[in-house]
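**Q** Below you'll find entry_11.cif; it's mmCIF, C-alpha atoms and all ligand atoms.
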```
data_my_file
loop_
_atom_site.label_atom_id
_atom_site.label_comp_id
_atom_site.auth_asym_id
_atom_site.auth_seq_id
_atom_site.Cartn_x
_atom_site.Cartn_y
_atom_site.Cartn_z
CA MET A 1440 -86.56 44.09 57.42
CA LYS A 1441 -83.59 43.09 59.58
CA LYS A 1442 -83.14 39.47 60.61
CA PRO A 1443 -82.44 38.43 64.22
CA ARG A 1444 -78.77 37.91 63.36
CA ASP A 1445 -78.49 41.55 62.37
CA THR A 1446 -79.91 42.89 65.59
CA PHE A 1447 -78.48 40.37 68.07
CA LEU A 1448 -75.00 41.90 68.26
CA SER A 1449 -76.16 45.49 68.61
CA GLU A 1450 -78.79 44.54 71.17
CA ILE A 1451 -76.47 42.54 73.40
CA VAL A 1452 -73.72 45.15 73.18
CA ALA A 1453 -76.14 48.00 73.93
CA ALA A 1454 -77.70 46.09 76.84
CA LEU A 1455 -74.41 45.09 78.46
CA SER A 1456 -72.82 48.49 77.99
CA LEU A 1457 -75.81 50.17 79.58
CA MET A 1458 -75.73 47.92 82.63
CA MET A 1459 -71.98 48.29 82.93
CA ASP A 1460 -72.59 52.00 83.34
CA PHE A 1461 -74.49 51.38 86.54
CA SER A 1462 -73.01 53.35 89.39
CA GLU A 1463 -74.34 54.42 92.76
CA ASN A 1464 -77.68 52.86 91.91
CA ARG A 1465 -78.26 54.70 88.69
CA LYS A 1466 -77.44 54.31 85.05
CA LEU A 1467 -74.84 56.74 83.80
CA TYR A 1468 -75.37 56.20 80.05
CA HIS A 1469 -71.65 56.88 79.50
CA ALA A 1470 -71.15 54.27 76.78
CA TRP A 1471 -74.43 55.13 75.07
CA ARG A 1472 -73.66 58.84 75.01
CA VAL A 1473 -70.12 58.29 73.73
CA ALA A 1474 -71.56 55.99 71.04
CA ILE A 1475 -74.14 58.59 69.99
CA LEU A 1476 -71.56 61.39 69.87
CA SER A 1477 -69.03 59.25 67.98
CA GLU A 1478 -71.54 58.08 65.41
CA LYS A 1479 -72.78 61.63 64.91
CA LEU A 1480 -69.28 63.02 64.45
CA SER A 1481 -68.38 60.22 62.08
CA GLN A 1482 -71.22 61.27 59.78
CA LYS A 1483 -69.07 64.32 59.01
CA LEU A 1484 -65.54 62.99 59.40
CA PHE A 1485 -65.63 59.24 58.76
CA PRO A 1486 -68.89 58.51 56.94
CA ASN A 1487 -68.13 54.97 55.75
CA TYR A 1488 -67.39 53.75 59.25
CA ARG A 1489 -70.44 54.79 61.21
CA THR A 1490 -71.17 51.20 62.29
CA GLU A 1491 -67.65 50.71 63.62
CA MET A 1492 -67.74 54.07 65.41
CA PHE A 1493 -71.02 53.26 67.09
CA TYR A 1494 -69.79 49.88 68.39
CA ALA A 1495 -66.46 51.44 69.36
CA GLY A 1496 -68.39 53.98 71.44
CA LEU A 1497 -70.47 51.31 73.14
CA LEU A 1498 -67.49 49.10 73.94
CA HIS A 1499 -64.61 51.54 74.45
CA ASP A 1500 -64.45 51.06 78.24
CA ILE A 1501 -65.46 47.41 78.43
CA GLY A 1502 -61.89 46.49 79.46
CA ALA A 1503 -62.28 48.64 82.59
CA ILE A 1504 -64.93 46.34 84.03
CA SER A 1505 -62.62 45.13 86.78
CA LEU A 1506 -61.95 48.61 88.21
CA PRO A 1507 -63.33 48.96 91.75
CA TYR A 1508 -65.35 52.04 90.80
CA HIS A 1509 -66.97 53.15 87.62
CA ILE A 1510 -64.57 54.38 84.94
CA VAL A 1511 -66.00 57.92 84.77
CA HIS A 1512 -64.95 58.54 88.37
CA TYR A 1513 -61.33 58.17 87.31
CA GLU A 1514 -61.56 60.09 84.10
CA LYS A 1515 -62.42 63.31 85.89
CA ILE A 1516 -59.02 63.20 87.57
CA GLU A 1517 -56.42 65.18 85.62
CA LYS A 1518 -53.64 62.57 85.62
CA PRO A 1519 -55.51 59.30 85.61
CA CYS A 1520 -52.82 56.75 84.90
CA LYS A 1521 -51.64 55.62 88.30
CA SER A 1522 -53.71 52.48 88.16
CA SER A 1523 -52.50 49.75 85.85
CA ILE A 1524 -56.06 48.62 85.08
CA LEU A 1525 -56.82 52.14 83.97
CA PHE A 1526 -53.64 52.38 81.90
CA ASN A 1527 -54.32 49.04 80.25
CA HIS A 1528 -58.04 49.36 79.66
CA PRO A 1529 -57.80 50.68 76.06
CA GLN A 1530 -55.75 47.59 75.14
CA LYS A 1531 -58.07 45.27 77.07
CA SER A 1532 -61.19 46.74 75.47
CA ALA A 1533 -59.53 46.48 72.04
CA ASN A 1534 -58.70 42.81 72.64
CA ILE A 1535 -62.25 41.98 73.65
CA VAL A 1536 -63.63 43.64 70.54
CA LYS A 1537 -61.04 41.89 68.37
CA ASN A 1538 -62.26 38.58 69.80
CA LEU A 1539 -65.72 39.35 68.50
CA GLY A 1540 -64.08 38.73 65.13
CA PHE A 1541 -65.79 41.15 62.79
CA LEU A 1542 -65.13 44.57 64.23
CA PHE A 1543 -61.41 44.87 63.49
CA LEU A 1544 -61.44 48.56 62.81
CA ALA A 1545 -63.47 49.25 65.94
CA SER A 1546 -60.75 47.44 67.86
CA ASP A 1547 -57.96 49.70 66.49
CA ILE A 1548 -60.09 52.76 67.17
CA ILE A 1549 -60.72 51.73 70.77
CA LEU A 1550 -57.01 51.15 71.37
CA ASP A 1551 -56.43 54.87 70.68
CA HIS A 1552 -59.27 56.36 72.69
CA HIS A 1553 -57.00 57.83 75.39
CA GLU A 1554 -54.27 59.06 73.05
CA ARG A 1555 -54.00 62.85 72.88
CA TRP A 1556 -53.15 65.03 69.90
CA ASP A 1557 -50.04 66.43 71.68
CA GLY A 1558 -48.71 62.97 72.56
CA SER A 1559 -49.45 63.11 76.29
CA GLY A 1560 -52.06 60.35 76.22
CA TYR A 1561 -51.84 56.60 76.81
CA PRO A 1562 -51.17 53.70 76.37
CA ARG A 1563 -48.74 54.36 73.49
CA GLY A 1564 -48.25 58.12 73.78
CA ILE A 1565 -48.61 58.62 70.03
CA SER A 1566 -49.50 62.03 68.63
CA GLY A 1567 -51.14 63.88 65.72
CA ASN A 1568 -52.42 61.82 62.87
CA ASP A 1569 -50.55 58.76 64.09
CA ILE A 1570 -53.70 58.40 66.19
CA THR A 1571 -56.46 56.77 64.19
CA LEU A 1572 -59.17 59.19 63.12
CA GLY A 1573 -61.72 57.03 64.93
CA GLY A 1574 -59.59 57.17 68.08
CA GLN A 1575 -59.57 60.96 67.88
CA ILE A 1576 -63.34 61.04 67.50
CA LEU A 1577 -63.77 58.74 70.50
CA ARG A 1578 -61.40 60.88 72.59
CA ILE A 1579 -63.44 64.04 72.20
CA SER A 1580 -66.77 62.21 72.59
CA ASP A 1581 -65.49 60.63 75.81
CA THR A 1582 -64.40 64.04 77.11
CA VAL A 1583 -67.74 65.65 76.30
CA ASP A 1584 -69.57 63.02 78.32
CA VAL A 1585 -67.19 63.27 81.28
CA LEU A 1586 -67.56 67.09 81.27
CA LEU A 1587 -71.33 66.69 81.15
CA ARG A 1588 -71.34 65.00 84.53
CA ASP A 1589 -68.73 67.29 86.07
CA ASN A 1590 -70.92 70.33 86.81
CA PHE A 1591 -70.38 71.77 83.37
CA THR A 1592 -73.83 70.92 82.25
CA SER A 1593 -74.46 74.03 80.22
CA LEU A 1594 -73.47 73.89 76.60
CA GLY A 1595 -71.53 77.15 76.92
CA ASN A 1596 -69.40 75.76 79.75
CA ILE A 1597 -68.67 72.55 77.91
CA LYS A 1598 -67.59 74.45 74.83
CA LYS A 1599 -65.31 76.66 76.94
CA LYS A 1600 -63.70 73.59 78.50
CA LEU A 1601 -63.25 71.94 75.11
CA LEU A 1602 -61.67 75.07 73.71
CA LEU A 1603 -58.99 74.89 76.40
CA GLN A 1604 -58.01 71.45 75.13
CA ARG A 1605 -57.90 72.41 71.45
CA GLY A 1606 -54.47 71.59 70.05
CA LYS A 1607 -53.65 69.58 73.19
CA GLU A 1608 -56.16 66.80 73.62
CA PHE A 1609 -57.60 67.02 70.11
CA SER A 1610 -56.87 68.70 66.79
CA ASP A 1611 -58.50 71.89 65.45
CA LYS A 1612 -60.45 69.83 62.94
CA ILE A 1613 -61.91 67.49 65.56
CA TYR A 1614 -62.68 70.37 67.92
CA GLU A 1615 -64.48 72.31 65.20
CA ALA A 1616 -66.54 69.30 64.12
CA MET A 1617 -67.64 68.71 67.71
CA GLU A 1618 -68.50 72.37 68.21
CA VAL A 1619 -70.72 72.39 65.12
CA THR A 1620 -72.34 69.10 66.17
CA LEU A 1621 -73.17 70.31 69.68
CA ASP A 1622 -74.76 73.44 68.20
CA GLU A 1623 -77.05 71.49 65.87
CA ASN A 1624 -80.77 72.00 66.58
CA ASP A 1625 -81.82 70.03 69.67
CA PHE A 1626 -78.86 67.66 69.65
CA PHE A 1627 -77.38 68.78 72.96
CA ASP A 1628 -80.73 68.84 74.77
CA ASN A 1629 -81.46 65.36 73.47
CA ILE A 1630 -78.23 63.80 74.66
CA ILE A 1631 -78.63 65.15 78.17
CA SER A 1632 -82.16 63.79 78.50
CA GLU A 1633 -82.13 60.13 79.57
CA GLU A 1634 -85.37 59.45 77.80
CA SER A 1635 -84.19 60.68 74.44
CA ILE A 1636 -80.82 58.90 74.80
CA SER A 1637 -82.66 55.55 74.63
CA GLN A 1638 -84.65 56.68 71.62
CA ILE A 1639 -81.55 57.89 69.78
CA VAL A 1640 -79.68 54.64 70.46
CA LEU A 1641 -82.60 52.56 69.21
CA LYS A 1642 -82.87 54.70 66.11
CA ILE A 1643 -79.17 54.40 65.30
CA MET A 1644 -79.31 50.62 65.82
CA LYS A 1645 -82.24 50.39 63.44
CA ASN A 1646 -80.60 52.47 60.72
CA LEU A 1647 -76.99 51.30 60.77
CA THR A 1648 -75.72 48.69 58.38
CA PRO A 1649 -74.85 45.64 60.49
CA PRO A 1650 -71.23 44.47 60.39
CA ASN A 1651 -70.39 41.58 58.09
CA MET A 1652 -70.81 38.43 60.04
CA VAL A 1653 -70.40 34.69 59.82
CA PRO A 1654 -73.44 32.36 59.92
CA PHE A 1655 -75.76 33.15 62.78
CA GLU A 1656 -75.54 30.15 65.03
CA SER A 1657 -71.81 29.88 65.47
CA GLU A 1658 -71.58 33.65 65.61
CA MET A 1659 -74.14 33.89 68.40
CA ASP A 1660 -72.21 31.33 70.37
CA GLU A 1661 -68.92 33.13 69.77
CA ILE A 1662 -70.38 36.47 70.82
CA VAL A 1663 -71.89 35.20 74.05
CA LYS A 1664 -68.63 33.38 74.89
CA VAL A 1665 -66.73 36.65 74.64
CA PHE A 1666 -69.26 38.38 76.87
CA ALA A 1667 -69.31 35.50 79.35
CA ASP A 1668 -65.61 36.23 79.96
CA VAL A 1669 -66.39 39.92 80.42
CA ILE A 1670 -69.12 39.08 82.94
CA ASP A 1671 -66.82 36.75 84.86
CA ALA A 1672 -64.05 39.38 84.88
CA LYS A 1673 -66.26 41.52 87.10
CA HIS A 1674 -65.68 39.13 89.97
CA ASN A 1675 -62.34 38.02 91.39
CA TYR A 1676 -63.20 34.37 91.74
CA THR A 1677 -65.46 33.46 88.86
CA ALA A 1678 -63.21 32.89 85.85
CA GLY A 1679 -64.89 30.40 83.55
CA HIS A 1680 -68.03 30.15 85.71
CA SER A 1681 -70.51 31.34 83.06
CA LYS A 1682 -69.11 29.02 80.41
CA ARG A 1683 -69.27 26.02 82.71
CA VAL A 1684 -72.83 26.82 83.79
CA ALA A 1685 -73.75 27.06 80.10
CA ILE A 1686 -72.26 23.65 79.34
CA TYR A 1687 -73.75 21.94 82.42
CA THR A 1688 -77.15 23.44 81.63
CA TYR A 1689 -76.95 22.16 78.05
CA ASN A 1690 -75.86 18.67 79.14
CA ILE A 1691 -78.62 18.33 81.75
CA ALA A 1692 -81.20 19.64 79.28
CA LYS A 1693 -80.13 17.07 76.67
CA ALA A 1694 -80.22 14.27 79.25
CA LEU A 1695 -83.78 15.31 80.11
CA GLY A 1696 -84.72 14.92 76.44
CA ILE A 1697 -85.13 18.62 75.68
CA PRO A 1698 -84.87 19.16 71.89
CA GLU A 1699 -81.53 20.37 70.51
CA GLU A 1700 -82.70 23.83 69.50
CA GLN A 1701 -84.17 24.60 72.91
CA ALA A 1702 -81.12 23.11 74.67
CA LYS A 1703 -78.86 25.40 72.63
CA LYS A 1704 -80.91 28.42 73.67
CA LEU A 1705 -80.63 27.34 77.28
CA LYS A 1706 -76.88 27.21 76.78
CA VAL A 1707 -76.88 30.83 75.62
CA ALA A 1708 -79.00 31.74 78.64
CA GLY A 1709 -76.41 29.93 80.78
CA TYR A 1710 -73.60 32.06 79.34
CA LEU A 1711 -75.56 35.15 80.30
CA HIS A 1712 -77.20 34.08 83.58
CA ASP A 1713 -74.94 36.29 85.73
CA ALA A 1714 -74.84 39.20 83.25
CA GLY A 1715 -76.61 41.31 85.87
CA LYS A 1716 -73.42 41.24 87.95
CA VAL A 1717 -71.93 43.85 85.63
CA ALA A 1718 -74.28 46.31 87.34
CA ILE A 1719 -72.94 45.56 90.82
CA PRO A 1720 -69.83 47.37 92.09
CA ARG A 1721 -66.83 45.13 92.35
CA ALA A 1722 -66.15 46.42 95.85
CA ILE A 1723 -69.36 44.68 96.94
CA LEU A 1724 -68.94 41.50 94.89
CA ASP A 1725 -65.45 40.94 96.27
CA LYS A 1726 -65.93 42.33 99.77
CA PRO A 1727 -64.01 40.07 102.16
CA GLY A 1728 -66.00 40.87 105.31
CA ARG A 1729 -69.68 40.77 106.15
CA LEU A 1730 -72.04 42.47 103.75
CA THR A 1731 -74.43 45.15 104.98
CA MET A 1732 -78.16 44.56 104.41
CA ASP A 1733 -78.15 47.01 101.51
CA GLU A 1734 -75.13 45.38 99.89
CA TYR A 1735 -76.68 41.95 100.20
CA LYS A 1736 -79.92 43.27 98.73
CA LEU A 1737 -78.01 44.65 95.75
CA ILE A 1738 -76.21 41.34 95.14
CA LYS A 1739 -79.51 39.49 95.34
CA ASN A 1740 -80.78 41.80 92.65
CA HIS A 1741 -78.35 40.51 90.02
CA PRO A 1742 -80.89 38.10 88.46
CA VAL A 1743 -83.22 41.07 88.03
CA PHE A 1744 -80.48 42.98 86.21
CA THR A 1745 -79.84 39.88 84.11
CA MET A 1746 -83.49 39.93 83.11
CA GLU A 1747 -83.27 43.61 82.25
CA ILE A 1748 -80.27 42.97 80.01
CA MET A 1749 -81.77 39.93 78.31
CA SER A 1750 -85.12 41.54 77.69
CA MET A 1751 -83.32 44.04 75.46
CA ILE A 1752 -82.22 41.16 73.20
CA HIS A 1753 -85.10 40.22 70.95
CA CYS A 1754 -84.21 36.66 70.06
CA LEU A 1755 -83.66 35.75 73.73
CA LYS A 1756 -87.01 37.02 75.01
CA ASP A 1757 -88.18 33.53 76.01
CA MET A 1758 -84.98 32.99 78.01
CA VAL A 1759 -85.44 36.04 80.24
CA ILE A 1760 -87.41 34.38 83.05
CA ILE A 1761 -85.29 31.25 82.84
CA ALA A 1762 -81.97 33.04 83.34
CA GLY A 1763 -83.58 35.26 85.96
CA SER A 1764 -84.66 32.31 88.07
CA HIS A 1765 -81.31 30.57 88.60
CA HIS A 1766 -81.37 31.49 92.31
CA GLU A 1767 -84.94 30.40 92.94
CA ARG A 1768 -85.33 27.35 95.20
CA TYR A 1769 -87.71 24.43 94.85
CA ASP A 1770 -89.13 25.15 98.32
CA GLY A 1771 -89.87 28.79 97.47
CA MET A 1772 -87.13 30.26 99.66
CA GLY A 1773 -84.96 31.57 96.84
CA TYR A 1774 -84.74 34.93 95.08
CA PRO A 1775 -85.69 37.23 93.46
CA GLY A 1776 -89.29 35.98 93.03
CA ARG A 1777 -89.63 33.33 95.78
CA LEU A 1778 -91.07 31.07 93.12
CA SER A 1779 -91.47 27.40 94.01
CA ARG A 1780 -91.74 23.95 92.38
CA ASP A 1781 -93.00 24.13 88.82
CA THR A 1782 -93.82 27.82 88.95
CA ILE A 1783 -90.05 28.07 88.38
CA PRO A 1784 -89.54 27.47 84.65
CA LEU A 1785 -87.92 24.13 83.84
CA GLY A 1786 -84.84 25.87 82.38
CA GLY A 1787 -84.45 27.84 85.61
CA ARG A 1788 -84.62 24.67 87.73
CA ILE A 1789 -81.93 23.12 85.53
CA MET A 1790 -79.73 26.19 85.68
CA ALA A 1791 -80.01 26.39 89.48
CA ILE A 1792 -78.42 22.92 89.67
CA ALA A 1793 -75.74 23.79 87.08
CA ASP A 1794 -74.93 27.01 88.95
CA ALA A 1795 -74.74 25.41 92.39
CA TYR A 1796 -72.64 22.50 91.12
CA ASP A 1797 -70.09 24.85 89.58
CA ALA A 1798 -70.00 27.05 92.69
CA MET A 1799 -69.27 23.99 94.85
CA THR A 1800 -66.59 22.53 92.59
CA SER A 1801 -64.73 25.83 92.04
CA GLU A 1802 -62.25 27.60 94.28
CA ARG A 1803 -64.08 30.30 96.25
CA PRO A 1804 -62.74 32.32 99.19
CA TYR A 1805 -65.61 31.43 101.52
CA GLN A 1806 -65.62 27.64 101.09
CA ASN A 1807 -63.51 24.57 100.53
CA LYS A 1808 -63.58 23.34 96.97
CA ARG A 1809 -65.50 20.07 96.73
CA ASN A 1810 -64.86 17.22 94.36
CA SER A 1811 -67.52 16.03 91.96
CA VAL A 1812 -68.75 13.17 94.17
CA GLU A 1813 -69.12 15.41 97.22
CA ALA A 1814 -70.91 18.08 95.21
CA LYS A 1815 -73.36 15.55 93.78
CA ASP A 1816 -74.06 14.25 97.28
CA ILE A 1817 -74.95 17.76 98.34
CA LEU A 1818 -77.24 18.14 95.31
CA ILE A 1819 -79.02 14.94 96.32
CA LYS A 1820 -79.19 15.99 99.97
CA ASN A 1821 -80.77 19.27 98.95
CA SER A 1822 -83.28 17.73 96.57
CA ARG A 1823 -86.79 18.92 97.30
CA SER A 1824 -85.56 21.83 99.45
CA GLN A 1825 -83.26 23.67 97.07
CA PHE A 1826 -83.48 21.63 93.89
CA ASP A 1827 -86.06 19.80 91.80
CA PRO A 1828 -85.57 16.12 92.81
CA GLU A 1829 -86.44 14.73 89.38
CA ILE A 1830 -83.85 16.91 87.66
CA VAL A 1831 -81.20 16.13 90.28
CA LYS A 1832 -81.65 12.40 89.53
CA VAL A 1833 -80.75 13.02 85.90
CA ALA A 1834 -78.16 15.72 86.55
CA VAL A 1835 -75.93 13.58 88.78
CA LYS A 1836 -75.52 11.16 85.86
CA VAL A 1837 -74.18 13.80 83.46
CA LEU A 1838 -72.31 16.27 85.70
CA SER A 1839 -68.57 15.72 86.00
FE FE A 1901 -61.63 54.92 78.56
FE FE A 1902 -65.02 56.41 78.50
FE FE A 1903 -76.10 34.19 90.01
FE FE A 1904 -73.87 31.99 88.63
#
```
Transcribe the structure of this file into structure tokens.
Ligand SMILES: [Fe+2]
Ligand SMILES: [Fe+2]
Ligand SMILES: [Fe+2]
Ligand SMILES: [Fe+2]
**A**
Amino acid sequence: MKKPRDTFLSEIVAALSLMMDFSENRKLYHAWRVAILSEKLSQKLFPNYRTEMFYAGLLHDIGAISLPYHIVHYEKIEKPCKSSILFNHPQKSANIVKNLGFLFLASDIILDHHERWDGSGYPRGISGNDITLGGQILRISDTVDVLLRDNFTSLGNIKKKLLLQRGKEFSDKIYEAMEVTLDENDFFDNIISEESISQIVLKIMKNLTPPNMVPFESEMDEIVKVFADVIDAKHNYTAGHSKRVAIYTYNIAKALGIPEEQAKKLKVAGYLHDAGKVAIPRAILDKPGRLTMDEYKLIKNHPVFTMEIMSMIHCLKDMVIIAGSHHERYDGMGYPGRLSRDTIPLGGRIMAIADAYDAMTSERPYQNKRNSVEAKDILIKNSRSQFDPEIVKVAVKVLS
């Protein structure tokens, strides 16, 4: 029986990587498919590192989160390296994974995922077996998924395309292993069906040995901190927002007399409250002009996406509604549920204040930054309409 600490990392990584693959209103499953293919290939080629390969697959493109469009739209283009974000994303992804602290090998593997066997890849342009074996496995898995969505949906066509790249993009050995893998029983049919993708990912998560980790509590905090930065990187103006909301939420909760353990959980929920923004195209989040109705609707959906992400993480189940209600208003005019007064969970009412306070006191393109006193005045002024008046009374004493 696995403990929560063993499943937390895989669940949060799987949830975030799935939502990051949201494009044109649908989930692309790019990271999940690359993770499945990489783990499968590693059973043959790299059997002691299946865990690392699976995480490397899930996180390989996490550094591309600030691209205006989804990564797979660039990877179809033959020479993709005109954009510096694109060129740098293997390094960025590798750094993020290194910050998680216990997936060192996965980090080195990710760094190499756009290197090519003949040396024409990036970022380092290394060739042959100078490329980590894991990097080579990721490269071909990545290519298979990109081909899958590029009108080459039949297995025969994909194999033909792969054959053309043999000796260029990947070695004979890697090509042959992938060919055998794709031919195995129902494997190909399963990875193209969205329903079975979820089942396969869950099964792999259940069976893999978890990475060696430090004690649960500090580790959970460290992990969510890393992902809070990733979430904030989606948006031009929100650096540090998630962390500050987490801290404000914790401080207000403590001042209200909420027990330490619950307050700590609220802090984690604070780190993740805007996680749903990873599902919204950056072009909309950072649009300078007026938003269309549809764009506004999509932005207002981010708490719903946050709930979808958090409900995939077992030990945070009781935080789902709380994080999802940070844009509800006391008078019932908020979103997404138009909840009012104490139908909004207490944690959600606290987080709404933390979120608004940080938005007011940070530099944003559409407003003048306010100092702490001004922001608290606005909180008080909007008591009863936007915010719970009893919580505001306490919050203004601890916010600074
Ligand atoms: Fe990539
Ligand atoms: Fe990729
Ligand atoms: Fe939000
Ligand atoms: Fe927020």
**Q** Given a cut-off of 9 Å, what residues near ligand FE 1904 (chain A) show up using all atoms listed in the file, put as a list of chain:residue names?
**A**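 Those residues are A:Thr1677, A:His1680, A:Ser1681, A:Val1684, A:Gly1709, A:His1712, A:Asp1713, A:His1765, A:His1766, A:Met1790, A:Ala1791, A:Ala1793, A:Asp1794, A:Ala1795, A:Asp1797, A:Ala1798.
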**Q** Given the point (-78.2, 46.0, 79.3) in the file's coordinates, find the residues that have an atom at most 8 Å from it, counting only C-alpha atoms, and give them as a VMD selection string.
**A** chain A and resid 1451 to 1459 1744 to 1745 1747 to 1749 1751
**Q** Next, the residues of the selection above should be written as a PDB file, in the coordinates of the input with C-alpha atoms.
**A**
```
ATOM      1  CA  ILE A1451     -76.470  42.540  73.400  1.00  0.00           C
ATOM      2  CA  VAL A1452     -73.720  45.150  73.180  1.00  0.00           C
ATOM      3  CA  ALA A1453     -76.140  48.000  73.930  1.00  0.00           C
ATOM      4  CA  ALA A1454     -77.700  46.090  76.840  1.00  0.00           C
ATOM      5  CA  LEU A1455     -74.410  45.090  78.460  1.00  0.00           C
ATOM      6  CA  SER A1456     -72.820  48.490  77.990  1.00  0.00           C
ATOM      7  CA  LEU A1457     -75.810  50.170  79.580  1.00  0.00           C
ATOM      8  CA  MET A1458     -75.730  47.920  82.630  1.00  0.00           C
ATOM      9  CA  MET A1459     -71.980  48.290  82.930  1.00  0.00           C
ATOM     10  CA  PHE A1744     -80.480  42.980  86.210  1.00  0.00           C
ATOM     11  CA  THR A1745     -79.840  39.880  84.110  1.00  0.00           C
ATOM     12  CA  GLU A1747     -83.270  43.610  82.250  1.00  0.00           C
ATOM     13  CA  ILE A1748     -80.270  42.970  80.010  1.00  0.00           C
ATOM     14  CA  MET A1749     -81.770  39.930  78.310  1.00  0.00           C
ATOM     15  CA  MET A1751     -83.320  44.040  75.460  1.00  0.00           C
TER      16      MET A1751
END
```
**Q** If we count only C-alpha atoms and set the cut-off at 8 Å, which residues sit around stretch 1780-1789 of chain A, ignoring sequence neighbours fewer than 2 positions away in its own chain? Please answer as a PyMOL selection string.
**A** chain A and resi 1688+1691-1692+1705+1760-1765+1767-1771+1778+1791-1793+1826-1827+1830
**Q** For A:Glu1615, work out the shell of residues within 12 Å, counting all atoms listed in the file and skipping chain neighbours fewer than 3 positions away, then give it as a list in words.
**A**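 Residues near the query, excluding close chain neighbours: Leu1480, Lys1483, Leu1484, Ile1576, Ile1579, Lys1598, Leu1601, Leu1602, Gln1604, Arg1605, Gly1606, Phe1609, Ser1610, Asp1611, Lys1612, Glu1618, Val1619, Thr1620, Leu1621 and Asp1622 of chain A.
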**Q** Record the distance separating atom CA of A:Pro1720 and atom CA of A:Pro1507, expressed in Å with one decimal.
**A**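 The value is 6.7 Å.
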**Q** Residues at most 9 Å from ligand FE 1901 (chain A), using only C-alpha atoms and all ligand atoms? Could they come as a list in words?
**A**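 Protein and nucleic-acid residues within 9 Å of ligand FE 1901 (chain A): His1499, Asp1500, Ile1501, Gly1502, Ala1503, Ile1510, Val1511, Glu1514, Leu1525, His1528, Pro1529, Ser1532, Ile1549, His1552, His1553, Arg1578 and Asp1581 of chain A.
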**Q** To one decimal place in Å, what is the distance between atom CA of A:Ser1505 and atom CA of A:Asn1538?
**A** 18.2 Å
**Q** In Å to one decimal, how far is atom CA of A:Asn1810 from atom CA of A:Asp1668?
**A** 23.9 Å
**Q** For A:Val1473, list every protein, DNA or RNA residue within 9 Å, evaluated using only C-alpha atoms, and leave out those in the same chain fewer than 3 positions away; present the list as an NGL selection string.
**A** :A and (1468-1470 or 1476-1478 or 1493 or 1495-1497 or 1499 or 1577 or 1579-1584)
**Q** Report, as lines of an AutoDock Vina configuration file, the centre and edge lengths in Å (one decimal) of the axis-aligned box enclosing every listed atom of stretch 1499-1508 of chain A, padded by 4 Å on each side.
**A**
```
center_x = -63.7
center_y = 48.6
center_z = 83.1
size_x = 11.6
size_y = 14.9
size_z = 25.3
```
**Q** Name the closest residue to ligand FE 1902 (chain A) among the candidates A:Trp1556, A:Phe1461, A:Tyr1513, A:Phe1485; distances are taken between atoms, counting only C-alpha atoms and all ligand atoms.
**A**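 The shortest atom-to-atom distance to ligand FE 1902 (chain A) comes from A:Tyr1513.
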**Q** Looking at all atoms listed in the file, which of A:Val1835, A:Ala1814, A:Asn1624, A:Leu1467 is the one that sits closest to ligand FE 1902 (chain A)?
**A**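 Answer, going by the shortest atom-to-atom distance: A:Leu1467.
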**Q** Find the spatial neighbours of A:His1512, counting all atoms listed in the file, within a cut-off of 10 Å - ignore same-chain residues fewer than 5 positions away - and output them as a list in words.
**A**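 With the cut-off at 10 Å, the set is Ser1462, Pro1519, Val1585, Arg1588 and Asp1589 of chain A.
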**Q** Determine the nearest neighbour of A:Tyr1796 from the options A:His1674, A:Arg1683, A:Lys1693, A:Lys1521, counting all atoms listed in the file.
**A**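 Of A:His1674, A:Arg1683, A:Lys1693, A:Lys1521, the one nearest A:Tyr1796 is A:Arg1683, counting all atoms listed in the file.
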**Q** Would you please work out which residue, of A:Pro1486, A:Pro1698, A:Gly1773, A:Gly1564, is nearest to ligand FE 1903 (chain A) when using only C-alpha atoms and all ligand atoms?
**A** A:Gly1773
**Q** Between A:Ile1670, A:Leu1498, A:Ile1475, A:Leu1711, which is the closest to ligand FE 1902 (chain A) once you count all atoms listed in the file?
**A**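 Of all the options, A:Leu1498 lies closest to ligand FE 1902 (chain A).
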**Q** I'd like to know which of A:Gln1530, A:Asn1740, A:Asn1646, A:Ser1632 is closest to A:Asn1464, using all atoms listed in the file.
**A**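 Result for the nearest residue to A:Asn1464: A:Asn1740.
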